[in-house]
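Chemist: Sharing data08.pdb, PDB, C-alpha atoms, pLDDT in the B column:
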```pdb
ATOM      1  CA  MET A   1    -101.216-154.111 151.941  1.00 45.00           C
ATOM      2  CA  SER A   2    -103.917-154.958 149.504  1.00 57.00           C
ATOM      3  CA  VAL A   3    -107.424-153.724 150.088  1.00 53.00           C
ATOM      4  CA  VAL A   4    -108.577-157.264 149.380  1.00 58.00           C
ATOM      5  CA  PHE A   5    -106.529-158.790 152.187  1.00 58.00           C
ATOM      6  CA  VAL A   6    -108.867-159.227 155.099  1.00 56.00           C
ATOM      7  CA  PRO A   7    -108.110-161.310 158.180  1.00 56.00           C
ATOM      8  CA  GLU A   8    -109.980-164.613 158.314  1.00 58.00           C
ATOM      9  CA  ARG A   9    -112.134-163.474 161.271  1.00 56.00           C
ATOM     10  CA  LEU A  10    -113.461-160.506 159.258  1.00 50.00           C
ATOM     11  CA  ARG A  11    -114.085-162.219 155.936  1.00 56.00           C
ATOM     12  CA  GLY A  12    -117.635-162.007 154.688  1.00 60.00           C
ATOM     13  CA  LYS A  13    -118.344-159.018 156.927  1.00 58.00           C
ATOM     14  CA  ALA A  14    -116.900-156.235 154.794  1.00 61.00           C
ATOM     15  CA  GLU A  15    -119.342-154.097 152.896  1.00 72.00           C
ATOM     16  CA  VAL A  16    -118.615-153.785 149.198  1.00 79.00           C
ATOM     17  CA  ASN A  17    -119.448-150.296 148.027  1.00 85.00           C
ATOM     18  CA  ALA A  18    -118.374-147.934 145.257  1.00 89.00           C
ATOM     19  CA  GLU A  19    -115.585-146.435 147.388  1.00 90.00           C
ATOM     20  CA  THR A  20    -114.081-149.848 148.147  1.00 89.00           C
ATOM     21  CA  LEU A  21    -114.250-150.861 144.499  1.00 91.00           C
ATOM     22  CA  GLN A  22    -112.630-147.597 143.404  1.00 93.00           C
ATOM     23  CA  ARG A  23    -109.802-148.042 145.923  1.00 93.00           C
ATOM     24  CA  LEU A  24    -109.253-151.532 144.586  1.00 94.00           C
ATOM     25  CA  LEU A  25    -109.190-150.293 140.982  1.00 95.00           C
ATOM     26  CA  ASP A  26    -106.724-147.559 141.963  1.00 97.00           C
ATOM     27  CA  GLU A  27    -104.559-150.141 143.692  1.00 96.00           C
ATOM     28  CA  ASN A  28    -104.640-152.336 140.588  1.00 97.00           C
ATOM     29  CA  ASP A  29    -103.548-149.362 138.488  1.00 98.00           C
ATOM     30  CA  GLN A  30    -100.578-148.792 140.786  1.00 97.00           C
ATOM     31  CA  LEU A  31     -99.706-152.500 140.790  1.00 97.00           C
ATOM     32  CA  ILE A  32     -99.692-152.593 136.994  1.00 97.00           C
ATOM     33  CA  ARG A  33     -97.425-149.534 136.878  1.00 97.00           C
ATOM     34  CA  CYS A  34     -94.994-151.184 139.339  1.00 95.00           C
ATOM     35  CA  ILE A  35     -95.009-154.428 137.365  1.00 96.00           C
ATOM     36  CA  VAL A  36     -94.287-152.612 134.095  1.00 95.00           C
ATOM     37  CA  GLU A  37     -91.526-150.556 135.720  1.00 95.00           C
ATOM     38  CA  TYR A  38     -89.802-153.653 137.115  1.00 94.00           C
ATOM     39  CA  GLN A  39     -90.113-155.465 133.799  1.00 93.00           C
ATOM     40  CA  ASN A  40     -88.691-152.489 131.900  1.00 95.00           C
ATOM     41  CA  LYS A  41     -85.709-152.516 134.251  1.00 95.00           C
ATOM     42  CA  GLY A  42     -85.166-156.210 133.578  1.00 94.00           C
ATOM     43  CA  ARG A  43     -86.155-157.157 137.115  1.00 92.00           C
ATOM     44  CA  ALA A  44     -89.067-159.436 136.254  1.00 85.00           C
ATOM     45  CA  THR A  45     -88.514-161.776 139.196  1.00 88.00           C
ATOM     46  CA  GLU A  46     -89.052-158.898 141.631  1.00 86.00           C
ATOM     47  CA  CYS A  47     -92.478-158.082 140.215  1.00 90.00           C
ATOM     48  CA  VAL A  48     -93.900-161.539 140.956  1.00 93.00           C
ATOM     49  CA  GLN A  49     -95.227-160.477 144.377  1.00 92.00           C
ATOM     50  CA  TYR A  50     -97.110-157.605 142.730  1.00 95.00           C
ATOM     51  CA  GLN A  51     -98.482-159.956 140.082  1.00 96.00           C
ATOM     52  CA  HIS A  52     -99.838-162.215 142.828  1.00 95.00           C
ATOM     53  CA  ILE A  53    -101.588-159.302 144.546  1.00 95.00           C
ATOM     54  CA  LEU A  54    -102.987-158.093 141.218  1.00 96.00           C
ATOM     55  CA  HIS A  55    -104.239-161.584 140.439  1.00 96.00           C
ATOM     56  CA  ARG A  56    -105.938-161.842 143.843  1.00 94.00           C
ATOM     57  CA  ASN A  57    -107.560-158.432 143.347  1.00 93.00           C
ATOM     58  CA  LEU A  58    -108.827-159.375 139.883  1.00 94.00           C
ATOM     59  CA  ILE A  59    -110.275-162.644 141.141  1.00 93.00           C
ATOM     60  CA  TYR A  60    -111.994-160.736 143.949  1.00 90.00           C
ATOM     61  CA  LEU A  61    -113.481-158.244 141.484  1.00 91.00           C
ATOM     62  CA  ALA A  62    -114.631-161.066 139.200  1.00 91.00           C
ATOM     63  CA  THR A  63    -116.262-162.825 142.143  1.00 88.00           C
ATOM     64  CA  ILE A  64    -118.146-159.659 143.072  1.00 86.00           C
ATOM     65  CA  ALA A  65    -119.240-159.163 139.459  1.00 86.00           C
ATOM     66  CA  ASP A  66    -120.442-162.766 139.210  1.00 86.00           C
ATOM     67  CA  ALA A  67    -122.382-162.447 142.471  1.00 82.00           C
ATOM     68  CA  THR A  68    -124.062-159.179 141.449  1.00 77.00           C
ATOM     69  CA  PRO A  69    -127.429-159.612 139.748  1.00 76.00           C
ATOM     70  CA  ALA A  70    -127.507-158.319 136.180  1.00 73.00           C
ATOM     71  CA  SER A  71    -130.284-155.864 137.049  1.00 68.00           C
ATOM     72  CA  VAL A  72    -127.990-154.156 139.587  1.00 64.00           C
ATOM     73  CA  GLN A  73    -124.900-153.888 137.380  1.00 59.00           C
ATOM     74  CA  LYS A  74    -124.358-150.557 135.666  1.00 62.00           C
ATOM     75  CA  THR A  75    -123.606-150.348 131.960  1.00 57.00           C
ATOM     76  CA  ASP A  76    -122.007-147.253 130.489  1.00 58.00           C
TER      77      ASP A  76
END
```
Kindly transcribe the structure held in the file into structure tokens.
Modeler:
Amino acid sequence: MSVVFVPERLRGKAEVNAETLQRLLDENDQLIRCIVEYQNKGRATECVQYQHILHRNLIYLATIADATPASVQKTD
């Protein structure tokens, strides 16, 4: 189950910290690997569920980035 999936009753109550973000990035890495593997095997229709989860995770990350003040964001 995706780290981003949170039951309705708990939404807005989860703390976003570096550990949570790293877990989400690791999950996205694994999702991309699964998607590529399925596509390489010619099973593109079976990777759609993983694409949906990846999309949801990316939207979640973008929302967090948009909501974070520029002075708080790190630049490397």
Chemist: Taking the file as I've supplied it (selection: the PyMOL selection byres ((chain A and resi 64) around 12)), which residues are included? Please answer as a list in words.
Modeler: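 Applied to this file, the PyMOL selection byres ((chain A and resi 64) around 12) returns Val4, Gly12, Glu15, Val16, Asn17, Ala18, Thr20, Leu21, Asn57, Leu58, Ile59, Tyr60, Leu61, Ala62, Thr63, Ala65, Asp66, Ala67, Thr68, Pro69, Ala70, Val72 and Gln73 of chain A.
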Chemist: What does the distance from CA of Arg23 (chain A) to CA of Ile53 (chain A) come to in Å, to one decimal?
Modeler: 14.0 Å
Chemist: For the atom pair CA of Leu24 (chain A) and CA of Arg56 (chain A), what is the interatomic distance in Å to one decimal place?
Modeler: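 Between these atoms lies a distance of 10.9 Å.
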Chemist: Using the chain letters and numbers from this file, what does the PyMOL selection byres ((chain A and resi 48) around 12) select? Give the answer as a compact mmCIF listing (two decimals) with C-alpha atoms, in the frame of the given file.
Modeler:
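File produced: part.txt:
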```
# COMPACT_ATOMS: atom_id res chain seq x y z
CA LEU A 31 -99.71 -152.50 140.79
CA ILE A 32 -99.69 -152.59 136.99
CA CYS A 34 -94.99 -151.18 139.34
CA ILE A 35 -95.01 -154.43 137.36
CA VAL A 36 -94.29 -152.61 134.10
CA TYR A 38 -89.80 -153.65 137.12
CA GLN A 39 -90.11 -155.46 133.80
CA ARG A 43 -86.16 -157.16 137.12
CA ALA A 44 -89.07 -159.44 136.25
CA THR A 45 -88.51 -161.78 139.20
CA GLU A 46 -89.05 -158.90 141.63
CA CYS A 47 -92.48 -158.08 140.22
CA GLN A 49 -95.23 -160.48 144.38
CA TYR A 50 -97.11 -157.60 142.73
CA GLN A 51 -98.48 -159.96 140.08
CA HIS A 52 -99.84 -162.22 142.83
CA ILE A 53 -101.59 -159.30 144.55
CA LEU A 54 -102.99 -158.09 141.22
CA HIS A 55 -104.24 -161.58 140.44
```
Chemist: Box for region 54-64 of chain A - axis-aligned, 8 Å on each of the six sides, all listed atoms - centre and size in Å to one decimal, as AutoDock Vina command-line options.
Modeler:
```
--center_x -110.6 --center_y -160.5 --center_z 141.6 --size_x 31.2 --size_y 20.7 --size_z 20.7
```
